[in-house]
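Enquirer: Sharing a structure below in structure tokens format, with a few things to ask.
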Amino acid sequence: MPDARRPPTEEPRLTTRRPARRRHRYPRHVVAAMPLALAGLLALLVSGNTLRPFERVTTIDGKMASKSDYFKDPEVQRLLLKHGIRVDIHRLGSRGIATQSLRGMDVVFPSGQPAARLIMRQQQRSVRTARPFVTPLVLGTFRDYAKTLVAAGVARPQRAPGGGETLYYDLDMKNFLKLIEDQKTWNGIDFDEHTDRSNAGRVLVRTSSVCESNSAGTYLSILAFVKNGNQAPGTERGRHRRAGVGGPAADPVLDVAEQVKPLINLQGMASDEQADSYFSDEGESIAPVSLIYEHQFLKHQVDHQKKRGKQDSRRVLLYPSPHALTEPELISLGERGDRLTDLMESDAALRRRAIELGFRVRFSGEDGTSEQLNAYLREHDVQVPTPNPDQTKVDAPDLNALERIINHVGSCPPAGRDDGE
Amino acid sequence: MRPRRREPVLALCLLLLAATMLTACTKDKDHRTLRVLASPELADVEPLLKDLEDDTGVELKLDYKATADLSGPLGSYDLAWPASDRSYLLRLQERGERAARPESTAIMRSPVVVGLTRAVADRLRRGVPGGRLSWADIADAAADGTLRFGMADPRRSDTGRAALVGVATAAAGTGGALRTQDVSCDRLRGFRSGQTLTGASSRELIDGYVRRQSAADALIAHESELLTLNASGKIGQPLEIVHPEDGMVLSDFPLMLLDAGEHKAYRKAVDWLRRDDVQKKLMERTWRRPVGPDVPRPAKLRAEIGNALSYPDQPAVVQRLMENYGAPGNGRAAAGDHVVFLLDFSTSMRGRRMADLRAAFADLSGADPTATGKFARFYRGERLTVVRFAGRVLQERTVTVRGDRDLKSLNSFVGEGQFGDDTAVWSALGRGYDIAADAVAEHPGRPLSLVLMTDGENNAGLSYREFTRRHAKLGGAARAVPTFPVHFGEADADALRRAALRRAADATGGRMVDANSSSLSQAFKEIRGCR
């Protein structure tokens, strides 16, 4: 669209419309045409294309991963359309976005900082960006599995108000990883005693591909942090480290990568759209524990409460400790994209909607990002998750170290961009 | 003032009319036809595609081809719609290219399951504590000849491949994804001996079954295909659907965007296909499970599907698995393996060791209730030779397993044999290779291996050097027959003996297994299917 720079024309105002007092005054052909015209209007209304023929809508092409949830929301779409913007979503993993061609795109919206920084590093010019919200990385599971993990001593339920069944558990990552390393199966930690079903599969976390996705990459930084004695790998310069016999052990980053590799690769082929399968009816069969984002879970619970009048008490969250917060970043690649990043920064309605979609949004004058979200959850009778006060936050390894860990664990093909941009 | 009053209304009407026409025009302009390479199973969605076109202006032209990994030229296709994109992704990975991974959206789900005739299902369940059938039980019944099944060709059909990976993962029993070491030996020989039907696609498989229902008692296919078959009235009695207890592979029928230039039309099609009302229609028409949580399901689609098995991420693993499995079920009986057991009956074997040996044979004949036992057992069509030796070869017997009687006769041969003095290890192995030479001459393509079980030091007959000299003179095919020595005895005292056995294994491409660290039964299971 070469003319995209022109400002969108205003919505036409149909102020000519006045109540007609005396119907019989209209000639027959007008009366005859009325139903047809009304049908047309209805069709337009129903198809969501009202007024479309008259106004200029700028379509913004954006590559994004799980945060497409935000732009897929009908209310967000409506708010954007008020500003003459429609976002065309190209679904791709965040790290996939960073390593593939961006030709034809106006914005990209990687789900977290590592991928965002990769992308910005590759831009020739300074770019406008927006970081509208944050959300923690979490593990989605099911009641019976959570109970099994509690019994195994690695998870602890958060207290639910009124003493009901909690939706949230804190997960001790160090000991949870020990279960995985010890090759425990779910039946091996007595899953079959908490339910009438059985599962001879190994205890593991299903993730999307580490080469493609932000969530899996961030999960890797949790694993690396824990396996490295609660510090980010690559930061122990100057400290004496035990050197293994040859191989990667001489390199502390690769040493940690080698340790976390089996924890991820155990699952075999990674599958995309973890949340999609987790929330489906077959979710519990597909994966007992899936790597998702908090906003996806909270949105699901609010929807469930609205639709069925109760929380989905079968699906529960494990908050990993130490934990990692992800900060998606909307990056503009051109003037059209700038309009969207500016809007995301300035428009209060768009940010308020983010809360309703389960994101944590920072408003001015607020210490944290949680107050408004918590209020919204309370308002909708969804249990409010409590951050564990002694929770350690994962210091992510620096970008280069994380890249090396990811490439080592995933044996990722070299990042080659096919457009030479 | 009549005219003035009328104008606005007239204007509004004209405006709205214009809008209607504009919409119509827009629709026309946005019409796109996309060519889709689709799994033959998806022929059942075709009737809904007209609605897709009416609603969105996107026309999908489906070309049905059975292809497991979308190999072949894809240039002319805008989209692909396989049962699963796993094999395709593995192929991308194997080529090592950072090929832009196509946008892919799951449209429907269906697990790979077993459909059994009522009588066979009831019979199998009676033999299983708790009555919950597993792939191991299916393999067990296939091996003993009481179950004949059909499955699509894993080399050509994505459904067949998913089924094979599922069964093999259950056979490995690690609880994780298949690894190279899990497929280095073929654990599915018994399972495969029961396959009597196949097809290039599962559609072909099911058509074949409809024509000849007496040819099989079971079909391995997607739940959706079996429910459709049951509902079609084309078969005498509906198949009972079993979701095996030890896990399943789930297909999610992703719609994949091959030509990124068609992104807009793709998005429209995907958004439409995932609409709740469309998902409901898809479910009612195809018996696949909706991807979203908000579509109420009929009772038949509420059954628990069991646990999804991890899918291997190494292309070589799946490749090896398919090579091992071959293409049984094409009407001709699959040739079973031939295994020659050379068993030490010297007096030192008396007592506990002989009891262990007899128990191991009984286990392999179907007594082992574990999953690995059910997969590794002797199976119908397998040819078994037992050579008893002490200071010389004492006695031999060969059976081709046709039923329980053959296994009983073999077990009594092992169970009632007399002991002898001395141990002629290398003479026995020499005899094994004579048998092998005859066998490869008679049945050139038949997989053959030797299992040498001994607890003693060679103190009679041929020396190791004499044996190797003889061995070197054998024809190429016989020389290539691997030997799997199973050592049985005190570990520390026998270093020398074990070294010689290991040399024999290495020289013939076999592998030595120590029966001290585990049971003899376990050791036998470990080398079953290895070549």
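Following the order of the structure tokens, chains are lettered A, B, ..., residues in each are numbered from 1, and ligands are numbered from 1.
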For Leu226 of chain B, list every protein, DNA or RNA residue within 10 Å, evaluated using only C-alpha atoms, and leave out those in the same chain fewer than 3 positions away; present the list as a list in words.

Expert: Val112, Val113, Val114, Gly115, Leu116, Ile206, Leu219, Ile220, Ala221, His222, Glu223, Leu229, Asn230, Ala231, Ser232, Pro238, Leu239, Glu240, Ile241 and Trp287 of chain B

Enquirer: How would you write, as an NGL selection string, the set of residues in segment 169-232 of chain B that DSSP gives as alpha helix (DSSP H)?

Expert: :B and (169-172 or 180-183 or 189-192 or 202-211 or 223-232)

Enquirer: Output C-alpha atoms for every residue in that selection, as an mmCIF file, in the first residue's frame.

Expert:
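Writing done, so here's selection.cif:
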data_model
loop_
_atom_site.group_PDB
_atom_site.id
_atom_site.type_symbol
_atom_site.label_atom_id
_atom_site.label_comp_id
_atom_site.auth_asym_id
_atom_site.auth_seq_id
_atom_site.Cartn_x
_atom_site.Cartn_y
_atom_site.Cartn_z
ATOM 1 C CA THR B 169 7.689 -46.473 21.919
ATOM 2 C CA ALA B 170 5.461 -48.711 23.991
ATOM 3 C CA ALA B 171 7.772 -51.642 23.232
ATOM 4 C CA ALA B 172 10.843 -49.735 24.399
ATOM 5 C CA THR B 180 18.857 -44.704 18.832
ATOM 6 C CA GLN B 181 19.596 -47.470 21.307
ATOM 7 C CA ASP B 182 15.890 -48.312 21.536
ATOM 8 C CA VAL B 183 15.667 -49.148 17.850
ATOM 9 C CA ARG B 189 9.121 -58.900 15.094
ATOM 10 C CA GLY B 190 6.346 -60.597 17.021
ATOM 11 C CA PHE B 191 3.949 -57.717 16.565
ATOM 12 C CA ARG B 192 4.588 -57.560 12.839
ATOM 13 C CA SER B 202 -5.227 -45.617 5.864
ATOM 14 C CA ARG B 203 -8.040 -44.982 3.424
ATOM 15 C CA GLU B 204 -6.733 -47.763 1.220
ATOM 16 C CA LEU B 205 -6.302 -49.945 4.283
ATOM 17 C CA ILE B 206 -9.883 -49.466 5.350
ATOM 18 C CA ASP B 207 -11.234 -50.031 1.848
ATOM 19 C CA GLY B 208 -9.245 -53.262 1.767
ATOM 20 C CA TYR B 209 -10.737 -54.332 5.076
ATOM 21 C CA VAL B 210 -14.270 -53.557 3.935
ATOM 22 C CA ARG B 211 -13.745 -55.835 0.936
ATOM 23 C CA GLU B 223 -10.049 -43.145 16.114
ATOM 24 C CA SER B 224 -11.913 -40.910 13.647
ATOM 25 C CA GLU B 225 -11.523 -43.341 10.763
ATOM 26 C CA LEU B 226 -12.721 -46.274 12.822
ATOM 27 C CA LEU B 227 -15.738 -44.375 14.154
ATOM 28 C CA THR B 228 -16.546 -43.336 10.585
ATOM 29 C CA LEU B 229 -16.184 -46.925 9.422
ATOM 30 C CA ASN B 230 -18.468 -48.131 12.200
ATOM 31 C CA ALA B 231 -21.065 -45.522 11.320
ATOM 32 C CA SER B 232 -20.911 -46.297 7.608
#

Enquirer: Could you pull out the residues in segment 12-253 of chain B that DSSP calls strand (DSSP E) from the backbone, as a PyMOL selection string?

Expert: chain B and resi 32-38+58-64+79-81+104-106+108-116+149-151+195-197+218-222+240-242+250-251

Enquirer: Leaving out segment 273-284 of chain A and any residue of its chain fewer than 4 positions from it, which residues lie within 7 Å of it when counting only C-alpha atoms, given as a PDB file with C-alpha atoms, in the first residue's frame?

Expert:
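Below you can see around.pdb, which holds the result:
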ATOM      1  CA  PHE A 142      -3.715 -30.811  36.238  1.00  0.00           C
ATOM      2  CA  THR A 207       7.866 -27.250  25.799  1.00  0.00           C
ATOM      3  CA  SER A 208       7.847 -25.815  22.349  1.00  0.00           C
ATOM      4  CA  PRO A 288       0.738 -33.641  32.205  1.00  0.00           C
ATOM      5  CA  SER A 290       3.183 -27.881  29.784  1.00  0.00           C
ATOM      6  CA  LEU A 291       5.235 -24.734  29.626  1.00  0.00           C
ATOM      7  CA  ILE A 292       2.894 -21.766  29.211  1.00  0.00           C
TER       8      ILE A 292
ATOM      9  CA  VAL B 291      -9.216 -28.495  19.098  1.00  0.00           C
ATOM     10  CA  GLY B 292     -11.053 -25.897  21.140  1.00  0.00           C
ATOM     11  CA  PRO B 293     -12.579 -26.582  24.545  1.00  0.00           C
TER      12      PRO B 293
END

Enquirer: Could you state the separation of atom CA of Thr392 of chain A and atom CA of Asn374 of chain A in Å, given to one decimal place?

Expert: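 Going from atom CA of Thr392 of chain A over to atom CA of Asn374 of chain A covers 21.3 Å.
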
Enquirer: I'd like the neighbourhood of Tyr311 of chain B as a VMD selection string, where a residue qualifies if any of its atoms comes within 8 Å (using only C-alpha atoms), though same-chain residues fewer than 5 positions away should be ignored.

Expert: (chain A and resid 267 to 269) or (chain B and resid 165 177 to 178 249)

Enquirer: Given the selection you just returned, output its residues as a file containing N, CA and C atoms, formatted as a PDB file, in the first residue's frame.

Expert:
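Resulting contents of part.pdb:
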ATOM      1  N   GLN A 267      11.906 -35.049  26.080  1.00  0.00           N
ATOM      2  CA  GLN A 267      10.544 -35.039  25.552  1.00  0.00           C
ATOM      3  C   GLN A 267      10.474 -35.451  24.085  1.00  0.00           C
ATOM      4  N   GLY A 268      11.636 -35.639  23.458  1.00  0.00           N
ATOM      5  CA  GLY A 268      11.594 -35.950  22.033  1.00  0.00           C
ATOM      6  C   GLY A 268      11.243 -34.708  21.257  1.00  0.00           C
ATOM      7  N   MET A 269      10.377 -34.878  20.268  1.00  0.00           N
ATOM      8  CA  MET A 269      10.052 -33.738  19.433  1.00  0.00           C
ATOM      9  C   MET A 269       9.207 -32.727  20.208  1.00  0.00           C
TER      10      MET A 269
ATOM     11  N   VAL B 165       5.427 -45.729  15.292  1.00  0.00           N
ATOM     12  CA  VAL B 165       6.195 -45.061  16.346  1.00  0.00           C
ATOM     13  C   VAL B 165       5.542 -45.313  17.707  1.00  0.00           C
ATOM     14  N   ALA B 177      10.895 -40.543  24.817  1.00  0.00           N
ATOM     15  CA  ALA B 177      10.907 -40.677  23.364  1.00  0.00           C
ATOM     16  C   ALA B 177      11.910 -41.757  22.952  1.00  0.00           C
ATOM     17  N   LEU B 178      11.655 -42.379  21.817  1.00  0.00           N
ATOM     18  CA  LEU B 178      12.566 -43.400  21.307  1.00  0.00           C
ATOM     19  C   LEU B 178      13.945 -42.809  21.043  1.00  0.00           C
ATOM     20  N   VAL B 249      -0.179 -42.108  20.003  1.00  0.00           N
ATOM     21  CA  VAL B 249       0.312 -40.940  19.284  1.00  0.00           C
ATOM     22  C   VAL B 249      -0.913 -40.184  18.788  1.00  0.00           C
TER      23      VAL B 249
END

Enquirer: Please compute the atom CA of Ala270 of chain A-atom CA of Asp196 of chain A distance, one decimal, in Å.

Expert: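 A separation of 28.2 Å between them.
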
Enquirer: Atom CA of Ser94 of chain A and atom CA of Phe133 of chain A are how many Å apart?

Expert: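 Calculated distance between atom CA of Ser94 of chain A and atom CA of Phe133 of chain A is 16.2 Å.
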
Enquirer: For chain A, which residue among B:Leu147, B:Val317, B:Val481, B:Ala515 is the nearest when counting only C-alpha atoms?

Expert: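 Using only C-alpha atoms, the shortest distance to chain A belongs to B:Val317.
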
Enquirer: Hey, what's within 8 Å of Leu377 of chain A if we count only C-alpha atoms and toss same-chain stuff fewer than 6 positions away? As a PyMOL selection string, please?

Expert: chain A and resi 302+383-384

Enquirer: Could you write out the selected residues, including C-alpha atoms, as a compact mmCIF listing (two decimals), in the first residue's frame?

Expert:
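What follows is the written file again_8.txt:
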# COMPACT_ATOMS: atom_id res chain seq x y z
CA VAL A 302 -11.77 -15.72 33.83
CA GLN A 383 -8.27 -16.82 42.89
CA VAL A 384 -5.42 -14.32 43.03
